[in-house]
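S.K.: My file is protein13.pdb. It has PDB, C-alpha atoms and all ligand atoms:
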MODEL        1
ATOM      1  CA  MET G 687       5.237 -87.894 103.514  1.00  0.00           C
ATOM      2  CA  ALA G 688       8.233 -87.657 105.744  1.00  0.00           C
ATOM      3  CA  GLU G 689      10.102 -84.536 105.257  1.00  0.00           C
ATOM      4  CA  PRO G 690      13.725 -84.467 106.329  1.00  0.00           C
ATOM      5  CA  ASP G 691      14.049 -82.535 109.510  1.00  0.00           C
ATOM      6  CA  PRO G 692      16.817 -79.975 109.090  1.00  0.00           C
ATOM      7  CA  SER G 693      17.009 -79.211 112.767  1.00  0.00           C
ATOM      8  CA  GLY G 694      20.412 -79.852 114.226  1.00  0.00           C
ATOM      9  CA  THR G 695      22.054 -80.382 110.896  1.00  0.00           C
ATOM     10  CA  SER G 696      22.698 -76.736 110.341  1.00  0.00           C
ATOM     11  CA  THR G 697      26.371 -76.017 109.984  1.00  0.00           C
ATOM     12  CA  GLY G 698      25.785 -72.460 108.981  1.00  0.00           C
ATOM     13  CA  THR G 699      27.543 -70.809 111.842  1.00  0.00           C
ATOM     14  CA  PRO G 700      30.636 -69.347 110.283  1.00  0.00           C
ATOM     15  CA  THR G 701      33.380 -69.167 112.830  1.00  0.00           C
ATOM     16  CA  SER G 702      35.180 -66.420 111.068  1.00  0.00           C
ATOM     17  CA  THR G 703      38.595 -66.120 112.560  1.00  0.00           C
ATOM     18  CA  SER G 704      39.187 -62.499 111.869  1.00  0.00           C
ATOM     19  CA  THR G 705      42.924 -62.452 112.070  1.00  0.00           C
ATOM     20  CA  GLY G 706      43.133 -59.116 113.749  1.00  0.00           C
ATOM     21  CA  ASP G 707      44.051 -56.532 111.277  1.00  0.00           C
ATOM     22  CA  PRO G 708      46.596 -54.330 112.975  1.00  0.00           C
ATOM     23  CA  ALA G 709      44.634 -51.180 112.436  1.00  0.00           C
ATOM     24  CA  GLY G 710      46.183 -48.138 113.912  1.00  0.00           C
ATOM     25  CA  ALA G 711      49.712 -49.445 113.779  1.00  0.00           C
ATOM     26  CA  ALA G 712      50.579 -48.256 110.316  1.00  0.00           C
ATOM     27  CA  GLU G 713      47.552 -46.096 109.777  1.00  0.00           C
ATOM     28  CA  PRO G 714      48.495 -42.590 108.717  1.00  0.00           C
ATOM     29  CA  ALA G 715      47.414 -39.832 111.033  1.00  0.00           C
ATOM     30  CA  SER G 716      44.460 -37.827 109.904  1.00  0.00           C
ATOM     31  CA  CYS G 717      43.631 -34.182 110.238  1.00  0.00           C
ATOM     32  CA  ASP G 718      41.598 -33.359 113.336  1.00  0.00           C
ATOM     33  CA  SER G 719      39.665 -30.750 111.434  1.00  0.00           C
ATOM     34  CA  CYS G 720      38.664 -32.347 108.144  1.00  0.00           C
ATOM     35  CA  GLY G 721      39.588 -35.944 108.930  1.00  0.00           C
ATOM     36  CA  ARG G 722      41.649 -36.401 105.842  1.00  0.00           C
ATOM     37  CA  ALA G 723      44.738 -38.552 106.154  1.00  0.00           C
ATOM     38  CA  ASP G 724      47.666 -36.341 105.469  1.00  0.00           C
ATOM     39  CA  ALA G 725      51.368 -36.666 106.054  1.00  0.00           C
ATOM     40  CA  ASP G 726      51.789 -32.952 106.534  1.00  0.00           C
ATOM     41  CA  LEU G 727      50.100 -32.484 109.870  1.00  0.00           C
ATOM     42  CA  GLN G 728      51.033 -29.820 112.345  1.00  0.00           C
ATOM     43  CA  ALA G 729      50.015 -29.367 115.953  1.00  0.00           C
ATOM     44  CA  VAL G 730      47.973 -26.220 116.218  1.00  0.00           C
ATOM     45  CA  HIS G 731      45.578 -24.367 118.455  1.00  0.00           C
ATOM     46  CA  ARG G 732      42.336 -23.633 116.701  1.00  0.00           C
ATOM     47  CA  VAL G 733      41.445 -19.959 116.758  1.00  0.00           C
ATOM     48  CA  TYR G 734      37.870 -18.780 116.697  1.00  0.00           C
ATOM     49  CA  LEU G 735      37.279 -15.363 115.234  1.00  0.00           C
ATOM     50  CA  PHE G 736      34.414 -13.109 116.163  1.00  0.00           C
ATOM     51  CA  PHE G 737      32.877 -10.695 113.729  1.00  0.00           C
ATOM     52  CA  ASP G 738      30.540  -7.791 114.008  1.00  0.00           C
ATOM     53  CA  ARG G 739      27.544  -7.319 111.737  1.00  0.00           C
ATOM     54  CA  LEU G 740      29.718  -5.750 109.069  1.00  0.00           C
ATOM     55  CA  GLY G 741      32.101  -8.679 108.972  1.00  0.00           C
ATOM     56  CA  ALA G 742      34.951  -6.979 110.771  1.00  0.00           C
ATOM     57  CA  VAL G 743      36.923  -9.075 113.208  1.00  0.00           C
ATOM     58  CA  THR G 744      36.090  -8.013 116.727  1.00  0.00           C
ATOM     59  CA  GLY G 745      38.050 -10.599 118.629  1.00  0.00           C
ATOM     60  CA  GLU G 746      39.502 -14.035 118.654  1.00  0.00           C
ATOM     61  CA  GLN G 747      39.703 -16.940 121.033  1.00  0.00           C
ATOM     62  CA  GLN G 748      42.425 -19.549 120.984  1.00  0.00           C
ATOM     63  CA  VAL G 749      41.286 -23.022 121.907  1.00  0.00           C
ATOM     64  CA  PRO G 750      43.606 -24.595 124.504  1.00  0.00           C
ATOM     65  CA  ASP G 751      43.287 -28.069 123.017  1.00  0.00           C
ATOM     66  CA  VAL G 752      45.981 -29.107 120.590  1.00  0.00           C
ATOM     67  CA  GLU G 753      44.778 -30.421 117.261  1.00  0.00           C
ATOM     68  CA  ARG G 754      46.673 -31.669 114.280  1.00  0.00           C
ATOM     69  CA  TRP G 755      45.757 -30.008 111.027  1.00  0.00           C
ATOM     70  CA  CYS G 756      46.655 -30.681 107.452  1.00  0.00           C
ATOM     71  CA  LEU G 757      48.067 -28.000 105.218  1.00  0.00           C
ATOM     72  CA  SER G 758      44.710 -27.376 103.583  1.00  0.00           C
ATOM     73  CA  CYS G 759      43.040 -26.598 106.887  1.00  0.00           C
ATOM     74  CA  ARG G 760      45.972 -24.491 108.018  1.00  0.00           C
ATOM     75  CA  THR G 761      45.544 -22.332 104.958  1.00  0.00           C
ATOM     76  CA  SER G 762      41.762 -22.155 105.302  1.00  0.00           C
ATOM     77  CA  TYR G 763      41.254 -21.462 108.984  1.00  0.00           C
ATOM     78  CA  PRO G 764      42.963 -19.327 111.609  1.00  0.00           C
ATOM     79  CA  TRP G 765      45.249 -21.104 114.021  1.00  0.00           C
ATOM     80  CA  GLN G 766      48.229 -20.620 116.270  1.00  0.00           C
ATOM     81  CA  PRO G 767      51.236 -22.921 116.543  1.00  0.00           C
ATOM     82  CA  ALA G 768      50.933 -25.285 119.489  1.00  0.00           C
TER      83      ALA G 768
HETATM   84 ZN    ZN G 801      42.433 -30.873 107.346  1.00  0.00          ZN
ENDMDL
END
The structure given in the file should be rewritten as structure tokens.
M.R.:
Amino acid sequence: MAEPDPSGTSTGTPTSTSTGDPAGAAEPASCDSCGRADADLQAVHRVYLFFDRLGAVTGEQQVPDVERWCLSCRTSYPWQPA
């Protein structure tokens, strides 16, 4: 019994020509805090708050890096305008 030898006849190499999707060109910016794409982003400095054991604010530290936050994050976390 002679079986057909499939070696060399394989054309199963898909040369997918991924026509480069221009990602990033028209992609909306996303919030640096939550990652959600949002049109209403603002450059801010994140502010870390420090609390004592009773929950009172004992100090704060402003991060020098500028991030872009959406409105939701700006209403949820402390920040300073960049
Ligand atoms: Zn956000």
S.K.: Can you list, as a list in words, the residues that the PyMOL selection byres (((not hetatm)) within 6 of (chain G and resi 801)) selects here?
M.R.: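 Selected by the PyMOL selection byres (((not hetatm)) within 6 of (chain G and resi 801)) in this file: Cys717, Ser719, Cys720, Arg722, Trp755, Cys756, Ser758 and Cys759 of chain G.
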S.K.: Starting from the shown file, work through the PyMOL selection byres (((chain G and resi 754) around 7) and not hetatm) and note down what comes out as a list in words.
M.R.: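 Matching residues under the PyMOL selection byres (((chain G and resi 754) around 7) and not hetatm) are Cys717, Asp718, Leu727, Gln728, Ala729, Val730, Val752, Glu753, Trp755 and Cys756 of chain G.
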S.K.: Here is a test: counting all atoms listed in the file, which residue of G:Leu735, G:Pro750, G:Gly745, G:Leu757 is nearest to Ala723 of chain G?
M.R.: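 The shortest atom-to-atom distance to Ala723 of chain G comes from G:Leu757.
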S.K.: Report, in Å with one decimal, the straight-line distance from atom CA of Ser716 of chain G to atom CA of Glu746 of chain G.
M.R.: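 Spanning atom CA of Ser716 of chain G to atom CA of Glu746 of chain G is a straight-line distance of 25.8 Å.
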S.K.: For the provided coordinates, the residues matched by the PyMOL selection byres (((chain G and resi 765) around 6) and not hetatm) should be stated as a PyMOL selection string.
M.R.: chain G and resi 731-733+764+766
S.K.: Find the residue from G:Val743, G:Pro714, G:Phe736, G:Asp726 that sits nearest to Arg760 of chain G; use all atoms listed in the file when measuring.
M.R.: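 Counting all atoms listed in the file, the residue closest to Arg760 of chain G is G:Asp726.
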S.K.: Atom CA of Gly721 of chain G to atom CA of Asp751 of chain G: how many Å, to one decimal?
M.R.: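 Between atom CA of Gly721 of chain G and atom CA of Asp751 of chain G the gap is 16.6 Å.
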